[in-house]
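Trainee: Quick one: this structure, given as structure tokens, is what I'll be asking you about.
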Amino acid sequence: MFIKRVFYPDHYICTYFQKMEKVINRQECKKLLDSVRKQNYSIGFVPTMGALHEGHLELISKSLKNSDFTISSIFVNPTQFNNRSDYENYPRNINDDLKKLEDIHCHCVFVPKKEQIYSGNGRSSYDLGNLDRNMEGAHRPGHFQGVAMVVDRLFEIIQPDMAFFGEKDFQQLQIIKHLVKTLGYDIQIVSCPIIREDDGLAMSSRNQRLSEKQRQVAPVIYESLKLAHQLAGKKTVDDVKQMVKNKVNQTQLLHVEYFEIVDENSLEEITTWKSSIKIRACIAVNTGDIRLIDNVKISS
Ligand code: AMP
């Protein structure tokens with residue numbers, strides 16, 4: 001592989017004249033990245049579970065702009081699924097994904113098999129700083145331990161300078177920031193805003209599984225979050241929660257699993273509006289066997 005640093009309008013990027021590298025083996029991946037590091041290139045990493053959409057590609061663009069060499073990974077991580085059928089039905093479109101990554105000029109993609117991640121010794125239990133006690137953590141037992149395990153192993157293999165995560169999975173983002181500190185990784189975690197469809201639905205790989213009717217009503221999720229934003233400070237926290245739940249549940253097809261209004265840092269639920277903290281409203285909704293999550297910043 002021939003890497004070259006090229007000056008673009010306002011930043012340097014790494015480019016090369018062969019197609020994107022695809023690696024499936026951890027040793028091969030480490031070797032490639034060692035050669036990148038030897039040339040003093042910074043490494044940006046974007047972990048994904050594939051079925052890539054504009055939300056993922058935005059993270060990759062950000063990495064391409066902010067680091068010299070960008071590696072993404074595609075791995076549907078079994079340990080973070082607490083529901084077997086959700087794991088089995090998770091969309092998998094590897095050929096489309098590789099094409100999208102090539103088109104955006106991602107430098108490398110790591111597509112490991114399970115054994116490449118989970119063979120050998122490694123930590124399997126993590127201090128999550130109690131950030132997993134509510135929302136996704138409470139409704140998907142074991143989910144964040146599984147996320148922590150795969151992210152730890154990917155970080156150990158890739159040792160990036162920067163890693164890019166979406167605010168779409170807000171609780172995950174906060175837990176990963178905590179993990180990096182407690183595990184002593186020297187990695188800058190960069191967060192990226194939620195990318196939405198034109199009608200407001202947060203992009204998600206799971207959207208592919210929505211029926212036409214489910215897809216039609218799904219934008220109500222974001223509409224209800226915008227309502228929470230509008231009413232914050234004007235109605236009580238409890239009233240806002242109730243109004244959001246009613247608005248979503250009225251659609252018949254969508255059922256709120258939880259709607260919580262939390263302190264962005266501690267993820268603790270708030271009971272009254274406070275101007276001294278950053279507040280976020282987070283929702284999980286079920287429609288048939290599909291689960292959608294979303295969130296909005298209420299105050300910063
Ligand atoms: P996933 O493939 O769902 O595990 O997501 C991989 C990364 O993409 C995570 O950091 C997600 O938060 C991020 N992501 C997924 N959907 C979006 C979106 N709509 N906007 C921004 N980031 C996203």
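We label chains A, B, ... in the order they appear in the structure tokens, count residues from 1 in each chain, and number ligands from 1 in the order shown.
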Please identify all polymer residues within 12 Å of Lys226 in chain A, counting only C-alpha atoms, omitting same-chain residues fewer than 3 positions from it, and present them as a list in words.
Mentor: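 In the requested form, the answer reads Gly200, Leu201, Pro219, Val220, Ile221, Tyr222, Glu223, His229, Gln230, Leu231, Ala232, Val240, Met243, Val244, Lys247, Arg280, Ala281, Cys282, Ile283, Asp294, Asn295, Val296, Lys297 and Ile298 of chain A.
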Trainee: Restricting it to C-alpha atoms, dump the selection as a PDB file, in the first residue's frame.
Mentor:
ATOM      1  CA  GLY A 200     -36.706  13.552  11.076  1.00  0.00           C
ATOM      2  CA  LEU A 201     -36.398   9.817  11.710  1.00  0.00           C
ATOM      3  CA  PRO A 219     -41.140  10.165  12.410  1.00  0.00           C
ATOM      4  CA  VAL A 220     -43.515  10.689  15.365  1.00  0.00           C
ATOM      5  CA  ILE A 221     -40.588   9.609  17.574  1.00  0.00           C
ATOM      6  CA  TYR A 222     -38.550  12.689  16.672  1.00  0.00           C
ATOM      7  CA  GLU A 223     -41.659  14.902  16.666  1.00  0.00           C
ATOM      8  CA  HIS A 229     -37.716  20.328  23.829  1.00  0.00           C
ATOM      9  CA  GLN A 230     -40.433  22.958  23.305  1.00  0.00           C
ATOM     10  CA  LEU A 231     -42.178  22.239  26.591  1.00  0.00           C
ATOM     11  CA  ALA A 232     -39.067  21.990  28.760  1.00  0.00           C
ATOM     12  CA  VAL A 240     -43.626  16.404  29.548  1.00  0.00           C
ATOM     13  CA  MET A 243     -47.231  13.991  26.854  1.00  0.00           C
ATOM     14  CA  VAL A 244     -44.365  12.423  24.907  1.00  0.00           C
ATOM     15  CA  LYS A 247     -48.046  11.199  21.491  1.00  0.00           C
ATOM     16  CA  ARG A 280     -30.949  15.198  27.309  1.00  0.00           C
ATOM     17  CA  ALA A 281     -34.220  13.414  26.561  1.00  0.00           C
ATOM     18  CA  CYS A 282     -33.828   9.788  25.470  1.00  0.00           C
ATOM     19  CA  ILE A 283     -36.430   7.436  24.087  1.00  0.00           C
ATOM     20  CA  ASP A 294     -33.420   8.427  19.616  1.00  0.00           C
ATOM     21  CA  ASN A 295     -32.593  11.432  21.775  1.00  0.00           C
ATOM     22  CA  VAL A 296     -32.407  15.237  21.758  1.00  0.00           C
ATOM     23  CA  LYS A 297     -30.441  17.813  23.642  1.00  0.00           C
ATOM     24  CA  ILE A 298     -32.850  19.766  25.867  1.00  0.00           C
TER      25      ILE A 298
END
Trainee: Using only C-alpha atoms and all ligand atoms, which protein or nucleic acid residues are at most 9 Å from ligand 1, as a ChimeraX atom specification?
Mentor: /A:46-59,74-77,164-170,172-173,191-197,201-206,294
Trainee: I need the residues of range 40-211 of chain A that end up classed as strand (DSSP E) by DSSP on the backbone, written out as a list in words.
Mentor: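 So the strand (DSSP E) residues in range 40-211 of chain A would be Ile43, Gly44, Phe45, Val46, Pro47, Thr48, Phe69, Thr70, Ile71, Ser72, Ser73, Ile74, Cys108, Val109, Phe110, Met162, Ala163, Phe164, Phe165, Gly166, Gln188, Ile189, Val190, Ser191 and Cys192 of chain A.
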Trainee: Please produce an output containing N, CA, C and O atoms for each residue in the selection, written as a short mmCIF file (atom, residue, chain, number, x, y, z; two decimals), in the first residue's frame.
Mentor:
data_model
loop_
_atom_site.label_atom_id
_atom_site.label_comp_id
_atom_site.auth_asym_id
_atom_site.auth_seq_id
_atom_site.Cartn_x
_atom_site.Cartn_y
_atom_site.Cartn_z
N ILE A 43 -4.15 7.80 13.50
CA ILE A 43 -5.16 6.80 13.10
C ILE A 43 -6.51 7.17 13.69
O ILE A 43 -6.65 7.36 14.90
N GLY A 44 -7.51 7.26 12.83
CA GLY A 44 -8.89 7.48 13.26
C GLY A 44 -9.68 6.19 13.07
O GLY A 44 -9.51 5.52 12.05
N PHE A 45 -10.52 5.87 14.05
CA PHE A 45 -11.23 4.58 14.02
C PHE A 45 -12.74 4.80 14.15
O PHE A 45 -13.20 5.55 15.00
N VAL A 46 -13.50 4.10 13.30
CA VAL A 46 -14.97 4.17 13.35
C VAL A 46 -15.53 2.75 13.44
O VAL A 46 -15.65 2.06 12.42
N PRO A 47 -15.87 2.30 14.66
CA PRO A 47 -16.46 0.96 14.78
C PRO A 47 -17.93 0.95 14.37
O PRO A 47 -18.67 1.88 14.74
N THR A 48 -18.34 -0.07 13.64
CA THR A 48 -19.76 -0.18 13.24
C THR A 48 -20.19 -1.65 13.26
O THR A 48 -19.35 -2.54 13.32
N PHE A 69 -5.16 8.62 8.80
CA PHE A 69 -5.51 7.30 8.27
C PHE A 69 -6.78 6.83 8.97
O PHE A 69 -6.86 6.83 10.20
N THR A 70 -7.78 6.45 8.18
CA THR A 70 -9.07 6.04 8.77
C THR A 70 -9.32 4.56 8.58
O THR A 70 -9.24 4.05 7.46
N ILE A 71 -9.59 3.91 9.70
CA ILE A 71 -9.99 2.50 9.64
C ILE A 71 -11.38 2.38 10.26
O ILE A 71 -11.65 2.96 11.32
N SER A 72 -12.24 1.64 9.57
CA SER A 72 -13.56 1.36 10.12
C SER A 72 -13.61 -0.14 10.41
O SER A 72 -12.82 -0.90 9.85
N SER A 73 -14.52 -0.56 11.25
CA SER A 73 -14.69 -2.00 11.43
C SER A 73 -16.16 -2.33 11.23
O SER A 73 -17.04 -1.50 11.49
N ILE A 74 -16.39 -3.55 10.74
CA ILE A 74 -17.76 -4.05 10.60
C ILE A 74 -17.80 -5.37 11.35
O ILE A 74 -17.12 -6.33 10.98
N CYS A 108 -9.14 1.80 5.18
CA CYS A 108 -9.06 0.39 5.54
C CYS A 108 -10.31 -0.04 6.29
O CYS A 108 -10.91 0.77 7.01
N VAL A 109 -10.70 -1.30 6.11
CA VAL A 109 -11.82 -1.82 6.89
C VAL A 109 -11.42 -3.15 7.50
O VAL A 109 -10.79 -3.98 6.86
N PHE A 110 -11.76 -3.29 8.78
CA PHE A 110 -11.47 -4.53 9.52
C PHE A 110 -12.79 -5.28 9.65
O PHE A 110 -13.76 -4.76 10.21
N MET A 162 -7.75 8.53 17.61
CA MET A 162 -9.11 9.08 17.80
C MET A 162 -10.12 8.00 17.44
O MET A 162 -9.87 7.21 16.53
N ALA A 163 -11.25 7.99 18.15
CA ALA A 163 -12.34 7.07 17.76
C ALA A 163 -13.62 7.88 17.71
O ALA A 163 -13.84 8.76 18.55
N PHE A 164 -14.47 7.59 16.73
CA PHE A 164 -15.64 8.42 16.44
C PHE A 164 -16.91 7.64 16.74
O PHE A 164 -17.09 6.52 16.26
N PHE A 165 -17.77 8.26 17.54
CA PHE A 165 -19.03 7.62 17.94
C PHE A 165 -20.19 8.60 17.76
O PHE A 165 -20.01 9.82 17.93
N GLY A 166 -21.38 8.06 17.46
CA GLY A 166 -22.54 8.92 17.22
C GLY A 166 -23.32 9.19 18.50
O GLY A 166 -23.43 8.34 19.38
N GLN A 188 -8.67 9.76 21.90
CA GLN A 188 -9.63 10.87 21.98
C GLN A 188 -10.97 10.37 21.41
O GLN A 188 -11.03 9.91 20.27
N ILE A 189 -12.01 10.48 22.23
CA ILE A 189 -13.35 10.07 21.75
C ILE A 189 -14.04 11.30 21.17
O ILE A 189 -14.22 12.30 21.86
N VAL A 190 -14.40 11.19 19.90
CA VAL A 190 -15.04 12.32 19.23
C VAL A 190 -16.51 11.96 18.98
O VAL A 190 -16.80 10.89 18.43
N SER A 191 -17.41 12.85 19.41
CA SER A 191 -18.83 12.54 19.22
C SER A 191 -19.38 13.28 18.01
O SER A 191 -18.90 14.37 17.67
N CYS A 192 -20.35 12.67 17.37
CA CYS A 192 -20.93 13.26 16.15
C CYS A 192 -22.44 13.34 16.30
O CYS A 192 -23.07 12.43 16.84
#
Trainee: Mind pulling up the distance from CA of Ala218 in chain A to CA of Ile279 in chain A?
Mentor: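 Taking CA of Ile279 in chain A and CA of Ala218 in chain A, their separation equals 23.7 Å.
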Trainee: Glu268 in chain A: which residues within 9 Å, counting only C-alpha atoms, same-chain residues fewer than 3 positions away excluded, as a list in words?
Mentor: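 Contacts, in chain order: Leu131, Arg133, Asn134, Ile261, Val262, Asp263, Glu264 and Asn265 of chain A.
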Trainee: Residues near Leu32 in chain A, anyone? I mean within 10 Å using only C-alpha atoms, not counting same-chain ones fewer than 4 positions away, as a PyMOL selection string.
Mentor: chain A and resi 1+21+23+26-28+36-37+108+158
Trainee: Residues within 12 Å of Gln214 in chain A, please, as a list in words. Count only C-alpha atoms; anything in the same chain fewer than 6 positions from it doesn't count.
Mentor: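 Selected residues are Leu201, Arg206, Asn207, Gln208, Val220, Ile221, Thr251, Gln252, Leu253, Leu254, His255, Val285, Asn286, Thr287, Gly288, Asp289, Ile290, Arg291 and Leu292 of chain A.
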Trainee: Point out the residue among A:Asn130, A:Gln242, A:Ser276, A:Asn89 with the least atom-to-atom distance to Tyr258 in chain A, counting only C-alpha atoms.
Mentor: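 Once distances to Tyr258 in chain A are computed over only C-alpha atoms, the minimum belongs to A:Gln242.
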Trainee: Given the choices A:Val150, A:Leu179, A:Leu64, A:Ile24, which gets closest to Tyr118 in chain A if the distance is worked out from only C-alpha atoms?
Mentor: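 Answer, going by the shortest atom-to-atom distance: A:Val150.
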Trainee: Mind listing the helix (DSSP H, G or I) residues of range 25-171 of chain A, per DSSP on the backbone, as a ChimeraX atom specification?
Mentor: /A:26-38,54-66,78-80,84-89,94-103,114-118,135-139,143-158,167-171
